[in-house]
file run_4.txt (compact mmCIF, C-alpha atoms)
# COMPACT_ATOMS: atom_id res chain seq x y z
CA MET A 26 -1.89 -3.63 28.68
CA GLN A 27 -1.86 0.03 29.67
CA PHE A 28 1.92 -0.17 30.14
CA TYR A 29 2.42 -1.54 26.63
CA ALA A 30 0.00 0.97 25.11
CA VAL A 31 1.87 3.89 26.66
CA HIS A 32 5.27 2.63 25.52
CA LEU A 33 4.00 1.76 22.04
CA LYS A 34 2.66 5.31 21.73
CA SER A 35 6.05 6.68 22.77
CA LEU A 36 7.83 4.50 20.22
CA LYS A 37 5.49 5.58 17.43
CA THR A 38 6.08 9.24 18.31
CA LEU A 39 9.85 8.73 18.27
CA ILE A 40 9.76 6.95 14.92
CA ASP A 41 7.61 9.71 13.45
CA VAL A 42 10.21 12.31 14.42
CA VAL A 43 13.41 10.60 13.29
CA MET A 44 12.20 8.77 10.16
CA GLN A 45 13.69 10.82 7.37
CA LEU A 46 15.67 9.79 4.34
CA SER A 47 19.35 10.68 4.61
CA LEU A 48 21.04 12.57 1.80
CA LYS A 49 22.91 9.39 0.94
CA GLU A 50 19.64 7.47 0.70
CA LYS A 51 18.02 10.15 -1.43
CA ASN A 52 20.96 10.05 -3.82
CA ARG A 53 20.76 6.24 -3.97
CA LEU A 54 17.09 6.36 -4.93
CA LYS A 55 17.64 9.00 -7.58
CA ARG A 56 20.68 7.22 -9.04
CA LYS A 57 19.12 3.75 -9.16
CA TYR A 58 15.50 4.57 -9.96
CA GLY A 59 15.38 8.00 -11.58
CA LYS A 60 14.68 10.05 -13.56
CA TRP A 61 10.92 9.43 -13.29
CA ALA A 62 8.79 7.48 -10.82
CA ILE A 63 5.16 6.45 -11.31
CA VAL A 64 2.94 6.38 -8.22
CA THR A 65 -0.64 5.10 -8.44
CA GLY A 66 -3.06 5.99 -5.66
CA ALA A 67 -0.98 9.13 -5.16
CA SER A 68 -3.70 11.46 -3.88
CA SER A 69 -3.80 10.14 -0.31
CA GLY A 70 -2.41 7.73 2.26
CA ILE A 71 0.75 5.72 1.67
CA GLY A 72 0.82 6.59 -2.03
CA LEU A 73 0.92 10.29 -1.25
CA GLU A 74 3.59 9.79 1.42
CA LEU A 75 5.82 7.78 -0.94
CA ALA A 76 5.33 10.36 -3.68
CA GLU A 77 6.47 13.16 -1.37
CA GLN A 78 9.51 11.23 -0.19
CA LEU A 79 10.47 10.57 -3.82
CA ALA A 80 9.92 14.24 -4.69
CA GLU A 81 12.20 15.23 -1.83
CA ALA A 82 14.80 12.81 -3.21
CA GLY A 83 14.65 14.64 -6.54
CA LEU A 84 12.76 12.15 -8.72
CA ASN A 85 10.29 13.51 -11.24
CA LEU A 86 6.79 12.12 -10.71
CA VAL A 87 3.88 10.70 -12.66
CA LEU A 88 1.02 10.89 -10.19
CA ASN A 89 -2.11 8.80 -10.71
CA SER A 90 -5.49 8.85 -8.99
CA ARG A 91 -9.16 9.00 -9.92
CA TYR A 92 -9.43 12.39 -8.22
CA ILE A 93 -8.14 15.13 -10.50
CA ASP A 94 -8.73 17.95 -8.00
CA ARG A 95 -6.69 16.18 -5.34
CA LEU A 96 -3.91 15.50 -7.83
CA ARG A 97 -3.78 19.16 -8.78
CA ASP A 98 -3.52 20.11 -5.11
CA VAL A 99 -0.66 17.64 -4.66
CA GLU A 100 1.06 18.94 -7.78
CA LYS A 101 0.79 22.52 -6.55
CA SER A 102 2.12 21.60 -3.12
CA PHE A 103 5.08 19.60 -4.44
CA LYS A 104 6.10 22.22 -6.99
CA SER A 105 6.17 24.86 -4.27
CA LYS A 106 8.68 22.76 -2.29
CA TYR A 107 10.67 20.65 -4.75
CA SER A 108 12.46 21.38 -8.02
CA ILE A 109 11.00 18.50 -9.99
CA GLU A 110 8.77 17.84 -12.97
CA ILE A 111 5.30 16.41 -12.39
CA LYS A 112 2.79 14.83 -14.73
CA ILE A 113 -0.68 14.03 -13.39
CA VAL A 114 -2.79 11.24 -14.86
CA ASP A 115 -6.38 11.09 -13.67
CA ALA A 116 -7.47 7.54 -14.47
CA ASP A 117 -9.42 4.72 -12.86
CA VAL A 118 -7.08 1.73 -12.78
CA SER A 119 -10.01 -0.68 -12.36
CA GLU A 120 -10.61 -0.11 -16.08
CA ALA A 121 -8.23 -1.25 -18.82
CA SER A 122 -8.40 2.21 -20.34
CA GLY A 123 -7.04 3.65 -17.09
CA ILE A 124 -3.92 1.47 -17.20
CA GLU A 125 -3.46 2.29 -20.89
CA LYS A 126 -3.70 6.01 -20.13
CA ILE A 127 -0.85 5.74 -17.62
CA ILE A 128 1.28 3.74 -20.03
CA GLN A 129 0.71 6.15 -22.91
CA SER A 130 1.50 9.17 -20.74
CA THR A 131 4.96 7.79 -19.93
CA GLN A 132 6.11 6.70 -23.38
CA SER A 133 8.64 9.53 -23.73
CA LEU A 134 9.82 9.47 -20.10
CA ASP A 135 12.85 7.79 -18.55
CA VAL A 136 10.89 5.82 -15.93
CA GLY A 137 12.89 3.83 -13.39
CA LEU A 138 10.42 3.22 -10.57
CA LEU A 139 6.84 1.97 -10.32
CA VAL A 140 4.91 2.28 -7.04
CA VAL A 141 1.54 0.49 -7.19
CA SER A 142 -0.33 1.98 -4.25
CA ALA A 143 -3.85 2.15 -5.67
CA GLY A 144 -6.14 -0.22 -3.83
CA TYR A 145 -8.86 -0.55 -1.23
CA GLY A 146 -10.50 -3.06 1.07
CA THR A 147 -13.88 -4.50 2.00
CA SER A 148 -14.93 -6.11 5.25
CA GLY A 149 -17.75 -7.96 6.93
CA LEU A 150 -19.38 -11.31 6.36
CA PHE A 151 -18.58 -12.59 2.87
CA ILE A 152 -22.16 -13.75 2.24
CA ASP A 153 -23.47 -10.28 3.09
CA SER A 154 -21.08 -8.47 0.75
CA SER A 155 -21.87 -6.96 -2.62
CA LEU A 156 -20.48 -9.13 -5.41
CA HIS A 157 -20.00 -6.01 -7.52
CA SER A 158 -17.86 -4.38 -4.81
CA GLU A 159 -15.82 -7.53 -4.27
CA VAL A 160 -15.15 -7.98 -7.99
CA ASP A 161 -14.27 -4.30 -8.38
CA MET A 162 -11.78 -4.59 -5.52
CA LEU A 163 -10.30 -7.66 -7.18
CA ARG A 164 -9.83 -5.66 -10.38
CA VAL A 165 -8.07 -2.79 -8.59
CA ASN A 166 -5.97 -4.79 -6.12
CA CYS A 167 -5.01 -7.64 -8.45
CA GLU A 168 -5.89 -7.27 -12.14
CA ALA A 169 -4.82 -3.64 -12.46
CA LEU A 170 -1.70 -4.31 -10.42
CA LEU A 171 -0.88 -7.29 -12.64
CA SER A 172 -1.39 -5.31 -15.85
CA ILE A 173 0.74 -2.32 -14.95
CA THR A 174 3.42 -4.46 -13.28
CA HIS A 175 3.64 -6.70 -16.35
CA TYR A 176 4.20 -3.74 -18.69
CA TYR A 177 6.86 -2.01 -16.61
CA SER A 178 8.60 -5.29 -15.76
CA HIS A 179 9.22 -5.66 -19.50
CA LYS A 180 10.34 -2.05 -19.80
CA PHE A 181 12.69 -2.18 -16.83
CA ALA A 182 14.15 -5.55 -17.89
CA GLN A 183 14.92 -4.14 -21.32
CA GLN A 184 16.69 -1.12 -19.86
CA LYS A 185 18.48 -3.36 -17.30
CA ARG A 186 17.44 -1.32 -14.28
CA GLY A 187 14.37 -0.33 -12.32
CA GLY A 188 12.36 -0.78 -9.16
CA ILE A 189 8.82 -1.96 -8.41
CA ILE A 190 7.01 -1.50 -5.09
CA LEU A 191 3.80 -3.48 -4.61
CA MET A 192 1.54 -2.79 -1.62
CA SER A 193 0.90 -5.96 0.31
CA SER A 194 -0.36 -6.08 3.90
CA ILE A 195 0.06 -8.06 7.12
CA VAL A 196 -3.28 -9.70 6.27
CA ALA A 197 -1.53 -11.37 3.32
CA PHE A 198 0.09 -14.03 5.49
CA GLN A 199 -3.04 -15.96 6.55
CA GLY A 200 -6.78 -16.12 5.92
CA VAL A 201 -8.70 -13.32 7.61
CA PRO A 202 -12.35 -13.95 8.55
CA TYR A 203 -14.56 -10.86 8.10
CA SER A 204 -12.17 -9.57 5.44
CA ALA A 205 -11.77 -12.74 3.42
CA ASN A 206 -11.58 -11.40 -0.12
CA TYR A 207 -9.44 -8.37 0.77
CA ALA A 208 -6.89 -10.57 2.55
CA ALA A 209 -6.91 -12.91 -0.45
CA THR A 210 -6.09 -10.03 -2.82
CA LYS A 211 -3.13 -9.07 -0.64
CA ALA A 212 -1.93 -12.68 -0.52
CA TYR A 213 -1.86 -12.52 -4.32
CA VAL A 214 0.19 -9.32 -4.24
CA GLN A 215 2.61 -10.74 -1.68
CA THR A 216 3.32 -13.97 -3.53
CA LEU A 217 3.59 -12.18 -6.89
CA ALA A 218 6.16 -9.76 -5.48
CA GLU A 219 8.20 -12.54 -3.84
CA ALA A 220 8.42 -14.46 -7.13
CA LEU A 221 9.10 -11.43 -9.33
CA ALA A 222 11.92 -10.35 -7.01
CA ILE A 223 13.72 -13.57 -8.01
CA GLU A 224 12.79 -13.53 -11.69
CA LEU A 225 13.70 -9.90 -12.34
CA LYS A 226 16.88 -9.71 -10.27
CA PRO A 227 19.13 -10.91 -13.15
CA TYR A 228 17.82 -7.97 -15.19
CA GLY A 229 18.79 -5.40 -12.57
CA VAL A 230 15.19 -4.84 -11.45
CA ASP A 231 14.37 -4.68 -7.72
CA VAL A 232 10.91 -5.78 -6.54
CA LEU A 233 9.61 -5.09 -3.05
CA ALA A 234 6.45 -6.17 -1.24
CA ALA A 235 5.52 -3.57 1.37
CA ALA A 236 3.34 -5.19 4.04
CA PRO A 237 2.21 -2.58 6.58
CA GLY A 238 -0.21 -3.03 9.43
CA PRO A 239 -3.24 -0.75 9.84
CA VAL A 240 -2.55 2.76 8.54
CA GLU A 241 -4.51 6.01 8.87
CA SER A 242 -5.28 6.55 5.20
CA GLY A 243 -9.04 6.63 4.75
CA PHE A 244 -8.88 2.86 4.33
CA ALA A 245 -10.88 2.13 7.48
CA MET A 246 -13.70 4.44 6.49
CA ARG A 247 -14.04 3.00 3.00
CA SER A 248 -13.82 -0.59 4.23
CA ASN A 249 -16.19 0.14 7.15
CA MET A 250 -13.73 -0.97 9.85
CA LYS A 251 -13.13 0.55 13.28
CA MET A 252 -9.41 0.39 14.07
CA SER A 253 -8.35 1.03 17.66
CA MET A 254 -4.69 1.51 16.77
CA SER A 255 -2.97 2.44 13.51
CA LEU A 256 0.15 3.93 11.98
CA LYS A 257 0.50 7.21 10.13
CA PRO A 258 1.62 7.16 6.49
CA SER A 259 4.70 9.13 7.59
CA GLN A 260 5.73 6.16 9.73
CA VAL A 261 5.79 3.68 6.85
CA GLY A 262 6.97 5.64 3.79
CA VAL A 263 10.65 5.93 4.69
CA PRO A 264 11.11 2.27 5.75
CA ILE A 265 9.57 1.16 2.48
CA LEU A 266 11.96 3.23 0.36
CA ARG A 267 14.96 2.21 2.46
CA ALA A 268 14.10 -1.45 1.89
CA LEU A 269 13.85 -1.13 -1.90
CA GLY A 270 16.79 -2.94 -3.45
CA ARG A 271 17.75 -4.47 -0.10
CA LYS A 272 14.83 -6.74 0.81
CA THR A 273 12.02 -8.68 -0.84
CA THR A 274 9.45 -7.87 1.87
CA VAL A 275 9.39 -5.01 4.35
CA LEU A 276 7.22 -4.73 7.47
CA PRO A 277 7.21 -0.95 7.87
CA GLY A 278 6.48 0.67 11.21
CA VAL A 279 6.81 -0.41 14.83
CA LEU A 280 3.19 -1.51 15.12
CA THR A 281 3.52 -3.68 12.01
CA LYS A 282 6.54 -5.49 13.43
CA ILE A 283 4.85 -6.06 16.79
CA LEU A 284 1.75 -7.53 15.14
CA VAL A 285 3.72 -9.83 12.82
CA TYR A 286 6.51 -10.94 15.15
CA SER A 287 4.08 -11.70 17.98
CA LEU A 288 2.47 -14.32 15.72
CA ARG A 289 5.69 -15.71 14.25
CA THR A 290 5.61 -19.00 16.20
CA VAL A 291 1.84 -19.49 15.89
CA PRO A 292 0.77 -22.13 13.32
CA ARG A 293 -1.20 -20.85 10.35
CA TRP A 294 -4.54 -22.20 11.63
CA GLY A 295 -3.89 -20.37 14.89
CA LYS A 296 -3.17 -17.13 13.06
CA VAL A 297 -6.49 -17.46 11.23
CA LYS A 298 -8.31 -17.87 14.56
CA ILE A 299 -6.52 -14.86 16.03
CA MET A 300 -7.36 -12.77 12.97
CA GLU A 301 -10.98 -13.87 13.40
CA LYS A 302 -10.95 -12.20 16.82
CA VAL A 303 -9.05 -9.10 15.64
CA MET A 304 -11.08 -8.45 12.49
CA GLY A 305 -14.24 -9.55 14.25
CA GLY A 306 -13.71 -6.71 16.70
CA MET A 307 -13.05 -4.20 13.90
CA THR A 308 -16.27 -5.18 12.14
CA LYS A 309 -18.50 -6.01 15.10
CA HIS A 310 -20.57 -2.87 14.53
CA GLN A 311 -21.61 -4.23 11.14
CA ARG A 312 -23.25 -7.25 12.72
CA GLN A 313 -24.89 -5.50 15.61
CA GLN A 314 -28.59 -5.08 15.11
CA VAL A 315 -31.10 -3.53 17.38
CA VAL A 316 -34.27 -5.58 17.35
CA ILE A 317 -37.39 -4.19 18.95
CA GLN A 318 -39.71 -6.98 20.00
CA ASN A 319 -42.54 -6.68 22.44
CA GLY A 320 -41.23 -3.32 23.51
CA LYS A 321 -37.87 -4.77 24.52
CA GLN A 322 -34.42 -4.10 23.07
CA LEU A 323 -32.72 -7.42 22.29

call {"tool": "encode", "arguments": {"input": "run_4.txt", "output": "structure tokens"}}
result
Amino acid sequence: MQFYAVHLKSLKTLIDVVMQLSLKEKNRLKRKYGKWAIVTGASSGIGLELAEQLAEAGLNLVLNSRYIDRLRDVEKSFKSKYSIEIKIVDADVSEASGIEKIIQSTQSLDVGLLVVSAGYGTSGLFIDSSLHSEVDMLRVNCEALLSITHYYSHKFAQQKRGGIILMSSIVAFQGVPYSANYAATKAYVQTLAEALAIELKPYGVDVLAAAPGPVESGFAMRSNMKMSMSLKPSQVGVPILRALGRKTTVLPGVLTKILVYSLRTVPRWGKVKIMEKVMGGMTKHQRQQVVIQNGKQL
């Protein structure tokens, strides 16, 4: 195990160094999906990484997040490095008014790319979870994604070109005990993207499901998981953009591929049992309780 850990670390370091978009790839993205790209969840994590890669490729950006101060910081940083236009839209996509605000802010723009990166996860025993939190996650990960994807699918189909990137996950491919509802939301995203890729292709619209493994993005903290190994956003952004227009699903990052391919021959029920062990370990601290009884720690 130590041998594999050392070599995996070396591979991740190598990927982090060489993963850059070529000039040819930047030009392809700008030609096929410019002039403007919308990125939700753009203030951190994968959304921020994708936004920066698109900025470097020369696409103008509509950046969305709930956090206006973070968006302003991102805007300032990008404008100091890239000669692009930026429009920031502070809106909560879990509310219908948030989606409408994004749509209204882009009415006069030549939008060719939608990146739906806003989302979050929950974890732990389903019966111990807050129904409010689970429903709110469902709204962000599924309902909001559906609403904004539906609108821009129409728009892109009418203009006969466009691209849509939906953030799936490796947990989308089987049930995941201790993260049941989150995995279910990602299964929805994955199957929606796979179907839309077929339906929208005749209209010149490319749809991609990006299914990364664990990523350092603040996700673990919000979902109350403890991840022993994870990817950096910089290790998944470039593979996602390279896959757009070429694949239906991308497994970005070395760690992602190892996790998925190692389970490829395992039947679905077996994958669920393995994920029980994996996610059980990530959430074990939630179930640990210290009980003092008769002066003894049990």

call {"tool": "axis_aligned_box", "arguments": {"input": "run_4.txt", "around": "stretch 202-219 of chain A", "padding_each_side": "3 Å", "output": "lines of an AutoDock Vina configuration file"}}
result
center_x = -3.2
center_y = -11.2
center_z = 0.8
size_x = 28.8
size_y = 11.6
size_z = 21.4

call {"tool": "residues_near_point", "arguments": {"input": "run_4.txt", "point": "(-3.4, 7.7, -6.2)", "cutoff": "9 Å", "atoms": "only C-alpha atoms", "output": "ChimeraX atom specification"}}
result
/A:64-70,72-73,88-92,96,115,141-144

call {"tool": "residues_around", "arguments": {"input": "run_4.txt", "residues": "A:Met162", "least_positions_apart": "3", "cutoff": "12 Å", "atoms": "all atoms listed in the file", "output": "short mmCIF file (atom, residue, chain, number, x, y, z; two decimals) with C-alpha atoms, in the frame of the given file"}}
result
data_model
loop_
_atom_site.label_atom_id
_atom_site.label_comp_id
_atom_site.auth_asym_id
_atom_site.auth_seq_id
_atom_site.Cartn_x
_atom_site.Cartn_y
_atom_site.Cartn_z
CA VAL A 118 -7.08 1.73 -12.78
CA SER A 119 -10.01 -0.68 -12.36
CA GLU A 120 -10.61 -0.11 -16.08
CA ALA A 143 -3.85 2.15 -5.67
CA GLY A 144 -6.14 -0.22 -3.83
CA TYR A 145 -8.86 -0.55 -1.23
CA GLY A 146 -10.50 -3.06 1.07
CA THR A 147 -13.88 -4.50 2.00
CA SER A 148 -14.93 -6.11 5.25
CA SER A 154 -21.08 -8.47 0.75
CA SER A 155 -21.87 -6.96 -2.62
CA LEU A 156 -20.48 -9.13 -5.41
CA HIS A 157 -20.00 -6.01 -7.52
CA SER A 158 -17.86 -4.38 -4.81
CA GLU A 159 -15.82 -7.53 -4.27
CA VAL A 165 -8.07 -2.79 -8.59
CA ASN A 166 -5.97 -4.79 -6.12
CA CYS A 167 -5.01 -7.64 -8.45
CA GLU A 168 -5.89 -7.27 -12.14
CA ALA A 169 -4.82 -3.64 -12.46
CA LEU A 170 -1.70 -4.31 -10.42
CA ASN A 206 -11.58 -11.40 -0.12
CA TYR A 207 -9.44 -8.37 0.77
CA ALA A 208 -6.89 -10.57 2.55
CA ALA A 209 -6.91 -12.91 -0.45
CA THR A 210 -6.09 -10.03 -2.82
CA LYS A 211 -3.13 -9.07 -0.64
CA ARG A 247 -14.04 3.00 3.00
CA SER A 248 -13.82 -0.59 4.23
#

call {"tool": "atom_distance", "arguments": {"input": "run_4.txt", "atom1": "atom CA of A:Glu50", "atom2": "atom CA of A:Ile63"}}
result
18.8 Å

call {"tool": "atom_distance", "arguments": {"input": "run_4.txt", "atom1": "atom CA of A:Pro292", "atom2": "atom CA of A:Gly278"}}
result
23.6 Å

call {"tool": "closest_residue", "arguments": {"input": "run_4.txt", "among": "A:Gly59, A:Gly149, A:Pro239, A:Gly137", "to": "A:Tyr177", "atoms": "all atoms listed in the file"}}
result
A:Gly137

call {"tool": "closest_residue", "arguments": {"input": "run_4.txt", "among": "A:Tyr58, A:Tyr213, A:Phe151, A:Phe103", "to": "A:Arg186", "atoms": "only C-alpha atoms"}}
result
A:Tyr58

call {"tool": "residues_around", "arguments": {"input": "run_4.txt", "residues": "A:Trp294", "least_positions_apart": "5", "cutoff": "10 Å", "atoms": "all atoms listed in the file", "output": "list in words"}}
result
Gln199, Gly200, Ile299 and Met300 of chain A

call {"tool": "closest_residue", "arguments": {"input": "run_4.txt", "among": "A:Val297, A:Ile127, A:Leu276, A:Ala82", "to": "A:Lys49", "atoms": "all atoms listed in the file"}}
result
A:Ala82

call {"tool": "closest_residue", "arguments": {"input": "run_4.txt", "among": "A:Pro237, A:Arg267, A:His179, A:Tyr107", "to": "A:Lys282", "atoms": "all atoms listed in the file"}}
result
A:Pro237

call {"tool": "closest_residue", "arguments": {"input": "run_4.txt", "among": "A:Ser178, A:Asn52, A:Gln260, A:Thr274", "to": "A:Gln215", "atoms": "all atoms listed in the file"}}
result
A:Thr274

call {"tool": "residues_around", "arguments": {"input": "run_4.txt", "residues": "A:Val275", "least_positions_apart": "2", "cutoff": "7 Å", "atoms": "only C-alpha atoms", "output": "JSON, numbers by chain"}}
result
{"A": [234, 235, 236, 265, 268, 272, 273, 277]}

call {"tool": "atom_distance", "arguments": {"input": "run_4.txt", "atom1": "atom CA of A:Ser102", "atom2": "atom CA of A:Ala121"}}
result
29.6 Å

call {"tool": "closest_residue", "arguments": {"input": "run_4.txt", "among": "A:Gly187, A:Val99, A:Glu81, A:Trp61", "to": "A:Val136", "atoms": "only C-alpha atoms"}}
result
A:Trp61
